[in-house]
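> Here's a structure for you.
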Amino acid sequence: MWRLPAHLAAAGAFLVAGLVFGTWAARIPAIKADLGLTDGQLALVLIALNGGAVAGLQVGAWIVGRLGDRATVRLALPGYALFLVPIALAPNLPALTVAVAMSAVVNSIVDVAINTNGIGVERRSVRPVLSRLHALLTLGGIVGAGIAALAARLGIGVVPHFAGIAVAAAAAAIALSRWLAPDHPAVPVTDATPVSGRWILGLGALAWCVTLGEGSGNDWTAVYLHRLGASEAVAATGVVAFLGAMTFGRLMGDHLRARFGTVILFRASAATAAAGLGTALLINVPAAGFVGFALLGLGVSVTLPLLLGAASHRAANAGRSPASAVAQVSMVAYLGSLSGPMLIGALATTTSLRTALMVPVAAAAVAAVAARIIDRH
């Protein structure tokens with residue numbers, strides 16, 4: 001009987017998850033217009049999304065610890081896709097807020113489960129694969145946003161667009177779940193506790209430092225390039241350069257990790273991010289900005305997959321729950337990605353955007369210097 005290889009099934013799961021998120025994110029302006037939301041009301045929806053995402057990480061660790069990662073993906077990934085429907089059908093702000101928050105909870109459950117499954121594939125194959133899986137998550141987001149842009153251009157409303165994507169993505173998720181790798185060797189429920197200690201806190205600190213740069217690149221690239229004199233259209237291509245470099249870095253990350261090791265690759269990547277963005281801030285011309293933000297994307301691309309892999313492998317070797325380790329590091333990383341743009345925005349209002357963007361430069365430099373934490377027992 002024909003069977004899809006487990007690593008391709010895991011890749012497909014990451015792609016589907018990215019596709020669903022990209023679909024939602026790209027149609028936020030349309031949803032805002034359809035419901036007549038103000039900027040403040042939309043901010044409330046996004047706060048609910050962030051709160052649901054943080055809560056869902058610990059819920060995901062608990063569920064994966066009891067059901068296993070493959071069963072969790074089988075249930076949660078189709079559910080995440082189908083949550084596009086209540087989001088599209090929400091008739092008012094309260095309904096939209098609840099639907100988005102619940103979707104974010106399920107998204108985080110999916111995040112823990114697919115990462116744990118991907119790490120299981122990596123442990124069985126004895127070769128790195130996690131970085132490429134994260135590349136497909138990014139690529140899925142790009143595909144979802146591209147389809148959304150086409151739907152908007154053709155005048156297709158949010159409801160039929162989301163319904164079509166939901167059904168197709170859920171069907172793909174159900175099909176892919178049949179071929180996912182078996183779970184990690186079962187961890188007794190009494191042992192399925194979070195990995196504790198200064199080491200996991202150190203990984204979390206590194207994750208915060210590097211995702212601060214990732215969040216800043218996503219939200220501030222176009223704004224900074226526009227302030228340097230680039231047109232809005234040209235500045236927008238800076239985001240494409242940032243995301244493109246990040247995708248390329250993740251596609252190359254597994255090969256580089258196999259050749260140089262986790263610590264050296266992490267240090268070099270964080271240093272690349274710091275040097276790239278730092279150079280962009282020192283040379284006040286758009287061309288330098290494009291190159292600098294591309295180097296920022298390249299630098300941060302593999303850092304989070306490296307940290308998630310290190311935490312999960314160490315947890316599994318210690319007989320603890322890999323899902324708990326993934327959830328703990330992911331939570332701090334998410335807080336970095338969330339707090340970074342807000343911190344930069346606040347500093348930019350009191351100083352300047354150029355000065356504020358030195359914060360992710362400094363954070364990436366600290367991560368590069370402290371990379372040895374990853375290998376510390």
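Chain labels A, B, ... are given in the sequence in which chains occur in the structure tokens; within each chain residues are numbered consecutively from 1, and ligands are likewise numbered from 1 in the order shown.
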Taking 6 positions as the minimum chain separation for residues in the same chain, which residues sit within 8 Å of segment 94-99 of chain A when counting only C-alpha atoms? Answer as a ChimeraX atom specification.
/A:44-45,48-49,83,86-87
> Now that the selection is made, can you save its residues with N, CA and C atoms as a PDB file, in the first residue's frame?

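Once everything was written out, this is out_4.pdb:
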```
ATOM      1  N   LEU A  44      -8.454  45.364  19.966  1.00  0.00           N
ATOM      2  CA  LEU A  44      -9.010  44.447  20.964  1.00  0.00           C
ATOM      3  C   LEU A  44      -9.041  43.014  20.428  1.00  0.00           C
ATOM      4  N   VAL A  45      -9.404  42.871  19.159  1.00  0.00           N
ATOM      5  CA  VAL A  45      -9.425  41.538  18.538  1.00  0.00           C
ATOM      6  C   VAL A  45      -8.025  40.935  18.525  1.00  0.00           C
ATOM      7  N   ALA A  48      -6.989  39.768  21.911  1.00  0.00           N
ATOM      8  CA  ALA A  48      -7.602  38.473  22.194  1.00  0.00           C
ATOM      9  C   ALA A  48      -6.856  37.351  21.481  1.00  0.00           C
ATOM     10  N   LEU A  49      -6.424  37.625  20.234  1.00  0.00           N
ATOM     11  CA  LEU A  49      -5.640  36.634  19.488  1.00  0.00           C
ATOM     12  C   LEU A  49      -4.351  36.299  20.232  1.00  0.00           C
ATOM     13  N   PHE A  83     -11.898  26.716  11.807  1.00  0.00           N
ATOM     14  CA  PHE A  83     -12.195  27.926  12.571  1.00  0.00           C
ATOM     15  C   PHE A  83     -12.227  29.171  11.685  1.00  0.00           C
ATOM     16  N   PRO A  86     -16.244  30.314  11.388  1.00  0.00           N
ATOM     17  CA  PRO A  86     -16.868  31.238  12.356  1.00  0.00           C
ATOM     18  C   PRO A  86     -16.238  32.625  12.360  1.00  0.00           C
ATOM     19  N   ILE A  87     -14.954  32.722  12.022  1.00  0.00           N
ATOM     20  CA  ILE A  87     -14.341  34.050  11.917  1.00  0.00           C
ATOM     21  C   ILE A  87     -15.000  34.834  10.784  1.00  0.00           C
TER      22      ILE A  87
END
```
> Could the residues of segment 158-262 of chain A that have an atom at most 9 Å from segment 3-19 of chain A be listed as a Markdown table, each with its closest atom pair and the distance in Å to one decimal, counting only C-alpha atoms and ordered by chain and ascending residue number?

```
| residue | atom | partner | partner_atom | distance |
| --- | --- | --- | --- | --- |
| A:Ile165 | CA | A:Leu19 | CA | 8.7 |
| A:Ala169 | CA | A:Val16 | CA | 6.1 |
| A:Ala170 | CA | A:Val16 | CA | 8.5 |
| A:Ala172 | CA | A:Val16 | CA | 7.6 |
| A:Ala173 | CA | A:Ala13 | CA | 6.4 |
| A:Ala175 | CA | A:Ala9 | CA | 9.0 |
| A:Leu176 | CA | A:Ala9 | CA | 5.3 |
| A:Ser177 | CA | A:Ala9 | CA | 7.1 |
| A:Arg178 | CA | A:Ala9 | CA | 8.3 |
| A:Trp179 | CA | A:Ala6 | CA | 5.7 |
| A:Leu180 | CA | A:Ala6 | CA | 5.0 |
| A:Ala181 | CA | A:Ala6 | CA | 5.0 |
| A:Pro182 | CA | A:Ala6 | CA | 8.7 |
```
> Those residues with C-alpha atoms, as a tab-separated table (two decimals), in the first residue's frame please?

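See again.tsv below for the written result:
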```
chain	number	residue	atom	x	y	z
A	165	ILE	CA	-9.80	27.36	2.20
A	169	ALA	CA	-7.08	22.71	4.33
A	170	ALA	CA	-9.07	20.48	6.69
A	172	ALA	CA	-5.50	17.99	3.46
A	173	ALA	CA	-4.81	17.91	7.20
A	175	ALA	CA	-5.17	13.04	4.79
A	176	LEU	CA	-1.68	14.02	5.95
A	177	SER	CA	-2.29	12.90	9.55
A	178	ARG	CA	-2.51	9.28	8.38
A	179	TRP	CA	1.19	9.32	7.48
A	180	LEU	CA	2.67	11.35	10.31
A	181	ALA	CA	5.49	9.72	12.25
A	182	PRO	CA	4.51	7.73	15.35
```
> Show me a table, sorted first by chain and then by increasing residue number, of the residues of segment 53-86 of chain A having an atom at most 10 Å from segment 333-353 of chain A, each with its shortest atom pair and the distance in Å to one decimal, counting only C-alpha atoms and written as a Markdown table.

```
| residue | atom | partner | partner_atom | distance |
| --- | --- | --- | --- | --- |
| A:Ala53 | CA | A:Tyr334 | CA | 8.5 |
| A:Val54 | CA | A:Tyr334 | CA | 7.5 |
| A:Leu57 | CA | A:Tyr334 | CA | 9.8 |
```
> Please provide as a PyMOL selection string all residues within 10 Å of segment 131-145 of chain A, with the sequence filter that same-chain residues fewer than 6 positions apart are discarded (counting only C-alpha atoms).
chain A and resi 7-8+10-27+114-115+118-119+151+165+240+243-244+246-255+257+301-306+309
> Save the residues we just selected, C-alpha atoms, as a PDB file, in the first residue's frame?

```
ATOM      1  CA  HIS A   7       8.936  13.732   6.862  1.00  0.00           C
ATOM      2  CA  LEU A   8       6.805  14.798   3.882  1.00  0.00           C
ATOM      3  CA  ALA A  10       5.129  16.602   8.633  1.00  0.00           C
ATOM      4  CA  ALA A  11       6.149  19.130   5.967  1.00  0.00           C
ATOM      5  CA  GLY A  12       2.586  19.141   4.665  1.00  0.00           C
ATOM      6  CA  ALA A  13       1.216  19.771   8.166  1.00  0.00           C
ATOM      7  CA  PHE A  14       3.506  22.802   8.598  1.00  0.00           C
ATOM      8  CA  LEU A  15       2.476  24.082   5.157  1.00  0.00           C
ATOM      9  CA  VAL A  16      -1.251  23.754   5.963  1.00  0.00           C
ATOM     10  CA  ALA A  17      -0.825  25.554   9.297  1.00  0.00           C
ATOM     11  CA  GLY A  18       0.973  28.426   7.578  1.00  0.00           C
ATOM     12  CA  LEU A  19      -1.642  28.563   4.822  1.00  0.00           C
ATOM     13  CA  VAL A  20      -4.494  28.961   7.313  1.00  0.00           C
ATOM     14  CA  PHE A  21      -2.739  31.726   9.246  1.00  0.00           C
ATOM     15  CA  GLY A  22      -1.751  33.572   6.071  1.00  0.00           C
ATOM     16  CA  THR A  23      -5.349  33.400   4.869  1.00  0.00           C
ATOM     17  CA  TRP A  24      -6.668  35.064   8.027  1.00  0.00           C
ATOM     18  CA  ALA A  25      -3.894  37.651   8.311  1.00  0.00           C
ATOM     19  CA  ALA A  26      -4.219  38.852   4.715  1.00  0.00           C
ATOM     20  CA  ARG A  27      -7.989  39.430   4.973  1.00  0.00           C
ATOM     21  CA  ILE A 114       3.605  19.758  14.754  1.00  0.00           C
ATOM     22  CA  ASN A 115       6.890  20.865  16.300  1.00  0.00           C
ATOM     23  CA  GLY A 118       8.791  17.236  13.494  1.00  0.00           C
ATOM     24  CA  ILE A 119      11.374  16.741  16.226  1.00  0.00           C
ATOM     25  CA  ALA A 151      -9.491  36.585  -3.952  1.00  0.00           C
ATOM     26  CA  ILE A 165      -9.803  27.359   2.205  1.00  0.00           C
ATOM     27  CA  VAL A 240       9.357  40.601   0.832  1.00  0.00           C
ATOM     28  CA  LEU A 243      10.593  37.145   4.511  1.00  0.00           C
ATOM     29  CA  GLY A 244      12.364  35.756   1.451  1.00  0.00           C
ATOM     30  CA  MET A 246      14.100  34.111   6.261  1.00  0.00           C
ATOM     31  CA  THR A 247      12.622  31.344   4.099  1.00  0.00           C
ATOM     32  CA  PHE A 248      15.949  30.802   2.327  1.00  0.00           C
ATOM     33  CA  GLY A 249      17.787  30.633   5.652  1.00  0.00           C
ATOM     34  CA  ARG A 250      15.393  28.025   6.994  1.00  0.00           C
ATOM     35  CA  LEU A 251      15.747  25.917   3.865  1.00  0.00           C
ATOM     36  CA  MET A 252      19.538  25.942   4.318  1.00  0.00           C
ATOM     37  CA  GLY A 253      19.487  25.664   8.111  1.00  0.00           C
ATOM     38  CA  ASP A 254      19.413  21.885   8.458  1.00  0.00           C
ATOM     39  CA  HIS A 255      22.424  21.435   6.170  1.00  0.00           C
ATOM     40  CA  ARG A 257      23.429  22.623  11.427  1.00  0.00           C
ATOM     41  CA  SER A 301      15.579  32.434  10.352  1.00  0.00           C
ATOM     42  CA  VAL A 302      17.073  29.360  12.014  1.00  0.00           C
ATOM     43  CA  THR A 303      17.436  30.566  15.587  1.00  0.00           C
ATOM     44  CA  LEU A 304      14.020  29.515  16.920  1.00  0.00           C
ATOM     45  CA  PRO A 305      14.050  26.051  15.257  1.00  0.00           C
ATOM     46  CA  LEU A 306      17.506  25.505  16.782  1.00  0.00           C
ATOM     47  CA  GLY A 309      15.097  21.324  18.776  1.00  0.00           C
TER      48      GLY A 309
END
```
> Of the residues A:Cys209, A:Leu225, A:Phe266, A:Leu256, which is the one nearest to Val129 of chain A, using only C-alpha atoms?
A:Leu256
> What does the distance between atom CA of Val112 of chain A and atom CA of Ala61 of chain A come to in Å, to one decimal place?
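So the answer is 6.5 Å.
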> Got a sec: who's within 12 Å of Asn218 of chain A, counting only C-alpha atoms, leaving out chain neighbours fewer than 3 positions off, as a ChimeraX atom specification?
/A:211-215,221-224,236-244,246,293-294,296-297,300,337-338,340-341
> For His161 of chain A, find every residue with an atom within 9 Å (counting only C-alpha atoms), except residues of its own chain fewer than 2 positions away, and show them as a list of chain:residue names.
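After dropping sequence-adjacent residues, the list is A:Thr23, A:Ala88, A:Ala148, A:Ala151, A:Ile156, A:Gly157, A:Val158, A:Val159, A:Ala163, A:Gly164, A:Ile165, A:Ala166.
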> Using DSSP on the backbone coordinates, identify all residues within segment 26-254 of chain A classified as alpha helix (DSSP H); present the result as JSON, numbers by chain.
{"A": [26, 28, 29, 30, 31, 32, 33, 34, 35, 39, 40, 41, 42, 43, 44, 45, 46, 47, 48, 49, 50, 51, 52, 53, 54, 55, 56, 57, 58, 59, 60, 61, 62, 63, 64, 65, 66, 67, 69, 70, 71, 72, 73, 74, 75, 76, 77, 78, 79, 80, 81, 82, 84, 85, 86, 87, 88, 89, 93, 94, 95, 96, 97, 98, 99, 100, 101, 102, 103, 104, 105, 106, 107, 108, 109, 110, 111, 112, 113, 114, 115, 116, 117, 118, 119, 120, 121, 122, 123, 124, 125, 130, 131, 132, 133, 134, 135, 136, 137, 138, 139, 140, 141, 142, 143, 144, 145, 146, 147, 148, 149, 150, 151, 152, 153, 158, 159, 160, 161, 162, 163, 164, 165, 166, 167, 168, 169, 170, 171, 172, 173, 174, 175, 176, 177, 198, 199, 200, 201, 202, 203, 204, 205, 206, 207, 208, 209, 210, 211, 212, 213, 214, 215, 216, 217, 218, 219, 220, 221, 222, 223, 224, 225, 226, 227, 232, 233, 234, 235, 236, 237, 238, 239, 240, 241, 242, 243, 244, 245, 246, 247, 248, 249, 250, 251, 252, 253, 254]}
> Would you work out the distance separating atom CA of Asp183 of chain A from atom CA of Ala71 of chain A, expressed in Å to one decimal?
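If I compute the distance from atom CA of Asp183 of chain A to atom CA of Ala71 of chain A, I get 8.6 Å.
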> So that I can see what lies close to segment 325-328 of chain A, please list as a PDB file with N, CA and C atoms, in the first residue's frame the residues with an atom at most 6 Å from it, counting only C-alpha atoms and leaving out residues fewer than 3 positions away in the same chain.

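The new file around.pdb reads:
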```pdb
ATOM      1  N   LEU A  57      -0.512  27.492  24.196  1.00  0.00           N
ATOM      2  CA  LEU A  57       0.761  26.772  24.245  1.00  0.00           C
ATOM      3  C   LEU A  57       0.792  25.785  25.410  1.00  0.00           C
ATOM      4  N   ALA A  61       0.695  21.635  25.298  1.00  0.00           N
ATOM      5  CA  ALA A  61       1.633  20.736  25.973  1.00  0.00           C
ATOM      6  C   ALA A  61       0.878  19.670  26.771  1.00  0.00           C
ATOM      7  N   VAL A 195       9.914  20.807  31.629  1.00  0.00           N
ATOM      8  CA  VAL A 195      11.338  20.758  31.918  1.00  0.00           C
ATOM      9  C   VAL A 195      11.694  22.039  32.657  1.00  0.00           C
ATOM     10  N   LEU A 308      14.140  25.285  19.747  1.00  0.00           N
ATOM     11  CA  LEU A 308      13.081  24.296  19.969  1.00  0.00           C
ATOM     12  C   LEU A 308      13.637  22.881  19.886  1.00  0.00           C
ATOM     13  N   ALA A 311      15.750  22.127  23.075  1.00  0.00           N
ATOM     14  CA  ALA A 311      14.912  21.906  24.251  1.00  0.00           C
ATOM     15  C   ALA A 311      14.213  20.554  24.193  1.00  0.00           C
ATOM     16  N   SER A 312      13.666  20.205  23.036  1.00  0.00           N
ATOM     17  CA  SER A 312      12.919  18.957  22.913  1.00  0.00           C
ATOM     18  C   SER A 312      13.833  17.735  23.010  1.00  0.00           C
ATOM     19  N   PRO A 322       8.715  16.146  25.659  1.00  0.00           N
ATOM     20  CA  PRO A 322       9.208  17.104  24.656  1.00  0.00           C
ATOM     21  C   PRO A 322       8.216  18.226  24.396  1.00  0.00           C
ATOM     22  N   MET A 331       6.553  29.842  24.276  1.00  0.00           N
ATOM     23  CA  MET A 331       5.825  30.909  24.957  1.00  0.00           C
ATOM     24  C   MET A 331       6.701  32.150  25.114  1.00  0.00           C
TER      25      MET A 331
END
```
> Have a look at A:Leu77, A:Leu154, A:Ile264, A:Ala33 and name the one nearest to Arg372 of chain A; count only C-alpha atoms.
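Of A:Leu77, A:Leu154, A:Ile264, A:Ala33, the one nearest Arg372 of chain A is A:Ile264, counting only C-alpha atoms.
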> Give me, as a PyMOL selection string, all polymer residues having an atom no more than 8 Å from Arg127 of chain A, counting only C-alpha atoms and skipping those fewer than 4 positions away in the same chain.
chain A and resi 122-123+254+258
